[in-house]
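Asks: I am attaching a structure below and will ask some questions about it afterwards.
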Amino acid sequence: MSSSSQVLSSQVWPAGISRGADGVVRVRDHDLRDLAGQFGTPVYVLDEVDFRARLTAWRDAFDQASGGTARVFYAGKAFLCTEVARWLRDAGVGLDVCTGGELEVAVRAGLDMSQVLMHGNNKSPAELAAAVGHGVGAIVVDSFEEIVRLAAIAEAAQVVQPVLVRVTVGVEAHTHEYIATAHEDQKFGFSLTGGLAMEAVRRILRLPALRLLGLHSHIGSQIFTTSGFEVAAHRITELLAQVSRELDATCEVVDLGGGMGIAYTELDAPQELQVVADRLLEIVRDECHAQGVPVPTVWVEPGRAIAGPPTMTVYEVGTVKPVELEDGTTRRYISVDGGMSDNIRPSLYGADYTCALVSRFSDAEDVSSRVVGKHCETGDVVVRSAMLPGDLTPGDLVAVAATGAYGRSMASNYNHVPRPPVVAVSEGTARVIVRRETVDDLLALDVT
Ligand SMILES: *Cc1c(COP(=O)(O)O)cnc(C)c1O
């Protein structure tokens, strides 16, 4: 008999995971104890086969839904390094960047820059100049200042820069719900209200150094239904029709952004990818037909849905401390050798995760536990409430599932903790694609 926490749900864990009869968890047949021994803990273990399969699945699903016209741009902010950029190229998926740093990864990886998009609400002149200089496929403009700034940069470089207009459509989506409003109180884009988005289009059309490619909308993150996208697509095609009617201009592209949700726990139920792809394309087609405008090319920008599920974080347990609560019950605190520096999402958003003992078999009853990090903060929580075997002990390895998106990319050096490596695992190979930071790395910036 084993405790229920020993069962690894395929909904949340990487595709290549399995637990042997000995209770030890393997990814693509690599024993996690061996990986921990070789690369140390904490370590991000990335199932490369799963990651690449997700890239291909997104490309195929949107190809199928659109008859081959739609395009997928991976949102690099979820997790980006040179090797991942190469996987994008192999899969025929573009890249979405939002800073000069992310842009430089694309450059160093040798990506075709026409397959790169640049976002950001406050790109610096240097970032804009770099993007224009490298010939990125599109820049998503976000403010009236930026339109002027970018036009001057493109003119000086003697290029005509394709641009998308970031439109705030008054839809805000988080997890299971979305809110549709007329106004939106946030920093991104041009609001539909008050005709600001329309005015942005008008100004772009007057500038010969800019070419209006289309409209962009990103409504939020970790979204499980397409209803929010439906409202967004409706509002954006209304604008598209207005642009065509009043300004006699065509928008070739409608970019619906990212935000498709993943399962962090078994309670999360993302829709099937092909269903999402079909539905998004159908919404845009229907809305365009209703507005009497040509159907644009659809672009999407998934980040989390590609990078999240293939990666887990493996930690070593350091201490196990029963803490008596006011109501007389006991909570077991399990301290691991990482925490908010390698995964800020629980402290930042109250995000929930699934974790499991992965280094051995246990037939002990599950005990309600809180997995915490090693940082000097009470809020340094890894998993707020987890059921883990009652015999958990220092030296055991626990893994946290679905940490690939916004884990390493939001990692910090809080408390001078070096950031963990990312190890990409496939059949027969396990290799470091981002190495572990050292204390020397941390001190390299100190002026002594
Ligand atoms: C964050 C972001 C994405 C990706 O969001 P996910 O939730 O990771 O899919 C895509 N586009 C834009 C503009 C974003 O800001």
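Ligands are numbered from 1 in the order shown, residues from 1 within each chain, and chains are lettered A, B, ... in the order they appear in the structure tokens.
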Looking only at alpha helix (DSSP H) from DSSP on the backbone, list the matching residues of region 205-421 of chain A as a VMD selection string.
Replies: chain A and resid 205 227 to 247 273 to 291 304 to 307 345 to 349
Asks: So which residues are near ligand 1, meaning at most 7 Å away with only C-alpha atoms and all ligand atoms counted, given back as a PyMOL selection string?
Replies: chain A and resi 75+77-78+119+218+220-222+257-261+301-305+405
Asks: Now that the selection is made, can you save its residues with all heavy atoms as a tab-separated table (two decimals), in the first residue's frame?
Replies:
```
chain	number	residue	atom	x	y	z
A	75	ALA	N	6.06	33.24	-25.57
A	75	ALA	CA	6.34	34.40	-24.70
A	75	ALA	C	7.58	34.10	-23.86
A	75	ALA	O	7.51	33.38	-22.86
A	75	ALA	CB	5.14	34.71	-23.82
A	77	LYS	N	9.25	35.58	-21.69
A	77	LYS	CA	9.35	35.93	-20.27
A	77	LYS	C	9.03	34.75	-19.36
A	77	LYS	O	9.44	34.73	-18.21
A	77	LYS	CB	8.44	37.12	-19.96
A	77	LYS	CG	6.98	36.78	-20.02
A	77	LYS	CD	6.09	37.97	-19.68
A	77	LYS	CE	4.65	37.52	-19.70
A	77	LYS	NZ	3.68	38.58	-19.66
A	78	ALA	N	8.29	33.76	-19.87
A	78	ALA	CA	7.95	32.58	-19.04
A	78	ALA	C	9.22	31.81	-18.66
A	78	ALA	O	9.39	31.41	-17.51
A	78	ALA	CB	6.98	31.67	-19.77
A	119	HIS	N	7.43	43.50	-27.27
A	119	HIS	CA	6.41	44.14	-26.45
A	119	HIS	C	7.02	45.07	-25.43
A	119	HIS	O	8.22	45.11	-25.29
A	119	HIS	CB	5.74	43.05	-25.58
A	119	HIS	CG	4.75	42.27	-26.30
A	119	HIS	ND1	3.50	42.71	-26.54
A	119	HIS	CD2	4.83	41.04	-26.85
A	119	HIS	CE1	2.83	41.80	-27.19
A	119	HIS	NE2	3.61	40.77	-27.40
A	218	HIS	N	-3.93	41.37	-25.09
A	218	HIS	CA	-3.54	40.31	-24.15
A	218	HIS	C	-4.37	40.54	-22.90
A	218	HIS	O	-4.27	41.59	-22.28
A	218	HIS	CB	-2.04	40.41	-23.84
A	218	HIS	CG	-1.58	39.49	-22.74
A	218	HIS	ND1	-1.43	38.13	-22.92
A	218	HIS	CD2	-1.25	39.74	-21.45
A	218	HIS	CE1	-1.02	37.58	-21.78
A	218	HIS	NE2	-0.91	38.53	-20.88
A	220	GLY	N	-4.79	38.58	-19.99
A	220	GLY	CA	-4.45	38.12	-18.65
A	220	GLY	C	-3.74	36.79	-18.69
A	220	GLY	O	-3.22	36.40	-19.74
A	221	SER	N	-3.72	36.11	-17.57
A	221	SER	CA	-2.92	34.90	-17.47
A	221	SER	C	-3.65	33.80	-16.71
A	221	SER	O	-4.55	34.10	-15.91
A	221	SER	CB	-1.62	35.23	-16.73
A	221	SER	OG	-0.53	34.80	-17.48
A	222	GLN	N	-3.23	32.56	-16.97
A	222	GLN	CA	-3.80	31.40	-16.27
A	222	GLN	C	-5.33	31.38	-16.45
A	222	GLN	O	-6.10	31.26	-15.50
A	222	GLN	CB	-3.35	31.42	-14.80
A	222	GLN	CG	-3.68	30.21	-13.96
A	222	GLN	CD	-3.07	28.90	-14.47
A	222	GLN	OE1	-2.46	28.84	-15.52
A	222	GLN	NE2	-3.27	27.81	-13.76
A	257	GLY	N	-2.66	37.45	-28.01
A	257	GLY	CA	-1.85	37.37	-26.80
A	257	GLY	C	-1.75	35.95	-26.26
A	257	GLY	O	-2.01	34.97	-26.95
A	258	GLY	N	-1.40	35.87	-24.98
A	258	GLY	CA	-1.24	34.55	-24.34
A	258	GLY	C	-2.22	34.41	-23.21
A	258	GLY	O	-3.31	34.99	-23.24
A	259	GLY	N	-1.85	33.63	-22.22
A	259	GLY	CA	-2.66	33.52	-21.02
A	259	GLY	C	-3.37	32.20	-20.80
A	259	GLY	O	-4.09	32.04	-19.82
A	260	MET	N	-3.17	31.24	-21.72
A	260	MET	CA	-3.86	29.97	-21.56
A	260	MET	C	-3.34	29.23	-20.32
A	260	MET	O	-2.14	29.09	-20.12
A	260	MET	CB	-3.69	29.09	-22.80
A	260	MET	CG	-4.33	29.69	-24.04
A	260	MET	SD	-3.35	31.10	-24.64
A	260	MET	CE	-4.28	31.60	-26.09
A	261	GLY	N	-4.27	28.76	-19.50
A	261	GLY	CA	-3.94	28.20	-18.19
A	261	GLY	C	-3.40	26.78	-18.23
A	261	GLY	O	-3.59	26.04	-19.19
A	301	GLU	N	0.34	34.06	-28.37
A	301	GLU	CA	1.60	34.18	-27.63
A	301	GLU	C	1.60	33.38	-26.33
A	301	GLU	O	1.66	33.95	-25.24
A	301	GLU	CB	1.86	35.65	-27.29
A	301	GLU	CG	1.81	36.58	-28.47
A	301	GLU	CD	1.80	38.05	-28.08
A	301	GLU	OE1	1.41	38.36	-26.94
A	301	GLU	OE2	2.18	38.86	-28.91
A	302	PRO	N	1.54	32.07	-26.40
A	302	PRO	CA	1.54	31.28	-25.16
A	302	PRO	C	2.91	31.29	-24.49
A	302	PRO	O	3.94	31.21	-25.16
A	302	PRO	CB	1.22	29.87	-25.66
A	302	PRO	CG	1.79	29.84	-27.05
A	302	PRO	CD	1.57	31.23	-27.60
A	303	GLY	N	2.92	31.41	-23.18
A	303	GLY	CA	4.16	31.30	-22.42
A	303	GLY	C	4.05	30.13	-21.46
A	303	GLY	O	4.61	29.05	-21.68
A	304	ARG	N	3.25	30.34	-20.43
A	304	ARG	CA	3.06	29.34	-19.38
A	304	ARG	C	2.65	27.97	-19.91
A	304	ARG	O	3.17	26.94	-19.46
A	304	ARG	CB	1.97	29.85	-18.42
A	304	ARG	CG	1.73	29.00	-17.20
A	304	ARG	CD	0.43	29.44	-16.51
A	304	ARG	NE	0.34	30.88	-16.41
A	304	ARG	CZ	0.78	31.60	-15.39
A	304	ARG	NH1	1.32	30.99	-14.35
A	304	ARG	NH2	0.67	32.92	-15.38
A	305	ALA	N	1.74	27.95	-20.90
A	305	ALA	CA	1.20	26.67	-21.38
A	305	ALA	C	2.28	25.81	-22.03
A	305	ALA	O	2.15	24.59	-22.09
A	305	ALA	CB	0.06	26.93	-22.36
A	405	ALA	N	7.33	27.79	-15.80
A	405	ALA	CA	7.01	29.14	-16.23
A	405	ALA	C	7.08	30.08	-15.04
A	405	ALA	O	6.49	29.80	-14.00
A	405	ALA	CB	5.62	29.19	-16.86
```
Asks: Val254 (chain A): which residues within 9 Å, counting only C-alpha atoms, same-chain residues fewer than 4 positions away excluded, as a PyMOL selection string?
Replies: chain A and resi 164+213-217+233+236-237+240+284+296-300
Asks: Store the residues picked out above in a file with all heavy atoms, as a short mmCIF file (atom, residue, chain, number, x, y, z; two decimals), in the first residue's frame.
Replies:
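Contents of selection.cif, as written:
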```cif
data_model
loop_
_atom_site.label_atom_id
_atom_site.label_comp_id
_atom_site.auth_asym_id
_atom_site.auth_seq_id
_atom_site.Cartn_x
_atom_site.Cartn_y
_atom_site.Cartn_z
N LEU A 164 2.27 46.56 -34.36
CA LEU A 164 0.93 46.21 -33.89
C LEU A 164 0.56 47.25 -32.84
O LEU A 164 1.43 47.76 -32.13
CB LEU A 164 0.90 44.82 -33.25
CG LEU A 164 1.29 43.61 -34.09
CD1 LEU A 164 1.30 42.35 -33.22
CD2 LEU A 164 0.34 43.42 -35.25
N LEU A 213 0.59 46.87 -39.03
CA LEU A 213 0.42 45.46 -39.37
C LEU A 213 -0.88 44.93 -38.78
O LEU A 213 -1.55 44.09 -39.38
CB LEU A 213 1.63 44.68 -38.81
CG LEU A 213 1.78 43.22 -39.15
CD1 LEU A 213 1.96 43.03 -40.65
CD2 LEU A 213 2.99 42.64 -38.40
N GLY A 214 -1.23 45.41 -37.58
CA GLY A 214 -2.48 44.93 -36.99
C GLY A 214 -2.67 45.36 -35.55
O GLY A 214 -2.04 46.30 -35.08
N LEU A 215 -3.54 44.63 -34.88
CA LEU A 215 -3.96 44.97 -33.53
C LEU A 215 -3.61 43.83 -32.58
O LEU A 215 -3.63 42.66 -32.97
CB LEU A 215 -5.47 45.22 -33.50
CG LEU A 215 -5.99 46.25 -34.51
CD1 LEU A 215 -7.52 46.29 -34.46
CD2 LEU A 215 -5.40 47.63 -34.24
N HIS A 216 -3.35 44.20 -31.34
CA HIS A 216 -2.92 43.22 -30.35
C HIS A 216 -3.73 43.36 -29.08
O HIS A 216 -4.05 44.47 -28.66
CB HIS A 216 -1.44 43.45 -30.03
CG HIS A 216 -0.92 42.54 -28.97
ND1 HIS A 216 -1.18 42.72 -27.62
CD2 HIS A 216 -0.17 41.43 -29.05
CE1 HIS A 216 -0.60 41.76 -26.94
NE2 HIS A 216 0.03 40.96 -27.76
N SER A 217 -4.04 42.23 -28.47
CA SER A 217 -4.73 42.26 -27.18
C SER A 217 -4.24 41.09 -26.33
O SER A 217 -4.11 39.97 -26.82
CB SER A 217 -6.25 42.15 -27.43
OG SER A 217 -6.88 41.38 -26.45
N ALA A 233 -12.02 39.42 -28.70
CA ALA A 233 -12.04 39.33 -30.17
C ALA A 233 -13.19 40.16 -30.74
O ALA A 233 -13.04 40.80 -31.78
CB ALA A 233 -12.17 37.87 -30.60
N ILE A 236 -12.11 43.78 -30.54
CA ILE A 236 -11.00 44.12 -31.42
C ILE A 236 -11.44 44.12 -32.89
O ILE A 236 -10.97 44.93 -33.69
CB ILE A 236 -9.77 43.22 -31.14
CG1 ILE A 236 -8.53 44.09 -31.16
CG2 ILE A 236 -9.61 42.10 -32.12
CD1 ILE A 236 -7.39 43.56 -30.40
N THR A 237 -12.35 43.22 -33.24
CA THR A 237 -12.82 43.23 -34.64
C THR A 237 -13.73 44.44 -34.90
O THR A 237 -13.78 44.94 -36.02
CB THR A 237 -13.55 41.94 -35.04
OG1 THR A 237 -14.42 41.56 -34.00
CG2 THR A 237 -12.59 40.83 -35.34
N LEU A 240 -11.23 46.92 -35.73
CA LEU A 240 -10.72 46.59 -37.07
C LEU A 240 -11.66 47.12 -38.15
O LEU A 240 -11.24 47.74 -39.13
CB LEU A 240 -10.65 45.07 -37.16
CG LEU A 240 -9.77 44.42 -38.17
CD1 LEU A 240 -8.52 43.94 -37.45
CD2 LEU A 240 -10.47 43.22 -38.78
N VAL A 284 -12.77 34.74 -34.19
CA VAL A 284 -12.28 35.83 -35.05
C VAL A 284 -13.00 35.80 -36.40
O VAL A 284 -13.45 36.84 -36.89
CB VAL A 284 -10.74 35.74 -35.22
CG1 VAL A 284 -10.25 36.77 -36.25
CG2 VAL A 284 -10.05 35.98 -33.88
N PRO A 296 -8.45 38.56 -40.61
CA PRO A 296 -7.00 38.73 -40.50
C PRO A 296 -6.30 37.43 -40.12
O PRO A 296 -6.95 36.46 -39.74
CB PRO A 296 -6.86 39.76 -39.37
CG PRO A 296 -8.06 39.50 -38.51
CD PRO A 296 -9.16 39.04 -39.42
N THR A 297 -4.99 37.45 -40.21
CA THR A 297 -4.17 36.36 -39.70
C THR A 297 -4.17 36.43 -38.17
O THR A 297 -4.02 37.52 -37.62
CB THR A 297 -2.73 36.51 -40.21
OG1 THR A 297 -2.76 36.51 -41.62
CG2 THR A 297 -1.84 35.38 -39.74
N VAL A 298 -4.32 35.28 -37.54
CA VAL A 298 -4.34 35.27 -36.07
C VAL A 298 -2.98 34.86 -35.53
O VAL A 298 -2.37 33.90 -36.00
CB VAL A 298 -5.44 34.31 -35.56
CG1 VAL A 298 -5.34 34.11 -34.05
CG2 VAL A 298 -6.83 34.84 -35.93
N TRP A 299 -2.50 35.63 -34.58
CA TRP A 299 -1.28 35.28 -33.86
C TRP A 299 -1.64 35.02 -32.40
O TRP A 299 -2.57 35.64 -31.87
CB TRP A 299 -0.26 36.43 -33.91
CG TRP A 299 0.35 36.69 -35.25
CD1 TRP A 299 0.07 36.04 -36.43
CD2 TRP A 299 1.34 37.68 -35.57
NE1 TRP A 299 0.83 36.58 -37.45
CE2 TRP A 299 1.61 37.58 -36.96
CE3 TRP A 299 2.03 38.66 -34.83
CZ2 TRP A 299 2.53 38.40 -37.60
CZ3 TRP A 299 2.94 39.48 -35.46
CH2 TRP A 299 3.20 39.34 -36.83
N VAL A 300 -0.88 34.14 -31.77
CA VAL A 300 -1.05 33.89 -30.33
C VAL A 300 0.32 33.83 -29.67
O VAL A 300 1.33 33.57 -30.34
CB VAL A 300 -1.83 32.59 -30.03
CG1 VAL A 300 -3.31 32.74 -30.33
CG2 VAL A 300 -1.23 31.40 -30.76
#
```
Asks: Show which residues sit within 12 Å of region 416-419 of chain A, as an MDAnalysis selection string. Count only C-alpha atoms, and ignore same-chain residues fewer than 6 positions away.
Replies: chainID A and resid 40:44 313 337:343 373:376 407:410 434:443
Asks: Rounded to one decimal in Å, what is the spacing between CA of Val141 (chain A) and CA of Gly120 (chain A)?
Replies: 7.8 Å
Asks: Which residues are near Phe224 (chain A)? Cut-off 10 Å, only C-alpha atoms, ignore same chain within fewer than 5 positions. Put them as a list in words.
Replies: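 Skipping anything fewer than 5 positions along the chain leaves Ala173, His174, Thr175, His176, Glu177, Tyr178, Gly259, Met260, Gly261, Ile262, Ala263, Asp268, Ala269, Pro270, Gln271, Glu272 and Val276 of chain A.
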Asks: Please list as an NGL selection string every residue within 10 Å of region 385-391 of chain A, counting only C-alpha atoms and excluding residues in the same chain fewer than 5 positions away.
Replies: :A and (2-6 or 320 or 331-334 or 352-357 or 361-371 or 396 or 398)
Asks: Restricting it to C-alpha atoms, dump the selection as a tab-separated table (two decimals), in the first residue's frame.
Replies:
```tsv
chain	number	residue	atom	x	y	z
A	2	SER	CA	1.21	3.52	-0.68
A	3	SER	CA	-0.10	6.89	0.39
A	4	SER	CA	-2.10	8.83	-2.18
A	5	SER	CA	0.61	11.46	-2.51
A	6	GLN	CA	2.71	8.73	-4.16
A	320	VAL	CA	10.93	18.61	9.62
A	331	ARG	CA	1.14	21.53	11.36
A	332	ARG	CA	4.24	19.89	9.99
A	333	TYR	CA	6.71	22.39	8.50
A	334	ILE	CA	9.06	20.87	5.94
A	352	ASP	CA	-0.68	26.80	-5.30
A	353	TYR	CA	1.45	23.85	-6.41
A	354	THR	CA	1.58	20.06	-6.22
A	355	CYS	CA	4.52	18.34	-4.56
A	356	ALA	CA	5.61	14.79	-3.87
A	357	LEU	CA	8.29	12.70	-2.23
A	361	PHE	CA	8.92	4.47	-1.47
A	362	SER	CA	6.84	5.29	1.56
A	363	ASP	CA	3.82	3.49	2.95
A	364	ALA	CA	3.39	5.99	5.76
A	365	GLU	CA	0.07	7.79	6.00
A	366	ASP	CA	-0.02	11.23	4.41
A	367	VAL	CA	0.25	14.12	6.86
A	368	SER	CA	-0.92	17.67	6.29
A	369	SER	CA	2.25	19.64	5.74
A	370	ARG	CA	3.52	23.05	4.75
A	371	VAL	CA	6.59	23.07	2.55
A	396	ASP	CA	14.55	13.04	1.25
A	398	VAL	CA	10.68	16.39	-2.84
```
Asks: Please run DSSP on the backbone and report, as number ranges by chain, all residues within region 146-271 of chain A that come out as strand (DSSP E or B).
Replies: A: 161-168, 171-175, 177-180, 190-191, 210-216, 220-223, 253-255, 260
Asks: Restrict the selected residues to C-alpha atoms and save them as an mmCIF file, in the first residue's frame.
Replies:
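As a result, part_13.cif now contains:
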```
data_model
loop_
_atom_site.group_PDB
_atom_site.id
_atom_site.type_symbol
_atom_site.label_atom_id
_atom_site.label_comp_id
_atom_site.auth_asym_id
_atom_site.auth_seq_id
_atom_site.Cartn_x
_atom_site.Cartn_y
_atom_site.Cartn_z
ATOM 1 C CA GLN A 161 8.984 49.118 -39.124
ATOM 2 C CA PRO A 162 5.875 46.912 -38.950
ATOM 3 C CA VAL A 163 3.878 47.593 -35.793
ATOM 4 C CA LEU A 164 0.925 46.213 -33.891
ATOM 5 C CA VAL A 165 -1.173 48.459 -31.676
ATOM 6 C CA ARG A 166 -1.701 47.140 -28.184
ATOM 7 C CA VAL A 167 -5.354 47.597 -27.435
ATOM 8 C CA THR A 168 -6.837 47.363 -23.956
ATOM 9 C CA VAL A 171 -11.359 42.352 -20.419
ATOM 10 C CA GLU A 172 -9.462 41.146 -17.429
ATOM 11 C CA ALA A 173 -9.022 37.436 -16.968
ATOM 12 C CA HIS A 174 -7.667 35.504 -14.028
ATOM 13 C CA THR A 175 -8.019 31.772 -13.708
ATOM 14 C CA GLU A 177 -13.221 34.119 -14.286
ATOM 15 C CA TYR A 178 -13.010 37.142 -16.443
ATOM 16 C CA ILE A 179 -14.382 40.636 -16.005
ATOM 17 C CA ALA A 180 -15.494 42.725 -18.951
ATOM 18 C CA PHE A 190 -4.425 52.058 -25.724
ATOM 19 C CA SER A 191 -7.940 51.949 -24.415
ATOM 20 C CA LEU A 210 5.850 52.810 -39.499
ATOM 21 C CA ARG A 211 3.623 50.242 -41.154
ATOM 22 C CA LEU A 212 0.389 49.245 -39.424
ATOM 23 C CA LEU A 213 0.420 45.462 -39.370
ATOM 24 C CA GLY A 214 -2.475 44.926 -36.991
ATOM 25 C CA LEU A 215 -3.960 44.973 -33.525
ATOM 26 C CA HIS A 216 -2.916 43.217 -30.352
ATOM 27 C CA GLY A 220 -4.445 38.120 -18.645
ATOM 28 C CA SER A 221 -2.918 34.900 -17.467
ATOM 29 C CA GLN A 222 -3.796 31.399 -16.269
ATOM 30 C CA ILE A 223 -7.165 31.514 -18.105
ATOM 31 C CA VAL A 253 -2.983 40.587 -38.108
ATOM 32 C CA VAL A 254 -4.956 40.194 -34.922
ATOM 33 C CA ASP A 255 -2.761 39.014 -32.083
ATOM 34 C CA MET A 260 -3.863 29.968 -21.560
#
```
Asks: So how far away is CA of Val140 (chain A) from CA of Ala91 (chain A), in Å?
Replies: 23.4 Å
Asks: To one decimal place in Å, what is the distance between CA of Glu266 (chain A) and CA of Ser9 (chain A)?
Replies: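 Between CA of Glu266 (chain A) and CA of Ser9 (chain A) the gap works out to 7.5 Å.
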Asks: Looking at only C-alpha atoms, which of A:Thr311, A:Thr330, A:Thr250, A:Gln64 is the one that sits closest to Pro294 (chain A)?
Replies: A:Thr250
Asks: Would you pick out the contacts of Ala15 (chain A) at 8 Å or less, using only C-alpha atoms, so that residues sharing its chain but fewer than 5 positions from it are not included, and give the list as a count of residues only?
Replies: 4
Asks: Which of these residues is nearest to Val27 (chain A), using only C-alpha atoms: A:Thr429, A:Pro208, A:Leu445, A:Asn122?
Replies: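 Once distances to Val27 (chain A) are computed over only C-alpha atoms, the minimum belongs to A:Thr429.
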Asks: Pick out the closest residue to Thr56 (chain A) from this set: A:Glu326, A:Glu287, A:Asp90, A:Glu102. Count only C-alpha atoms.
Replies: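 Under the stated criterion, the closest residue is A:Asp90.
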Asks: With only C-alpha atoms as the atoms that count, which of A:Tyr406, A:Asp185, A:Thr329, A:Ala109 lies nearest to Gly308 (chain A)?
Replies: A:Tyr406
Asks: Quick one: of A:Gln242, A:Gln38, A:Ser426, A:Ser359, who's nearest to Thr393 (chain A), counting only C-alpha atoms?
Replies: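 Smallest distance to Thr393 (chain A) is found for A:Ser359.
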Asks: Using only C-alpha atoms for the distances, tell me which of A:Ala307, A:Asp286, A:Val336, A:Leu55 is nearest to Ala402 (chain A).
Replies: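 So, comparing all the options, the nearest one is A:Ala307.
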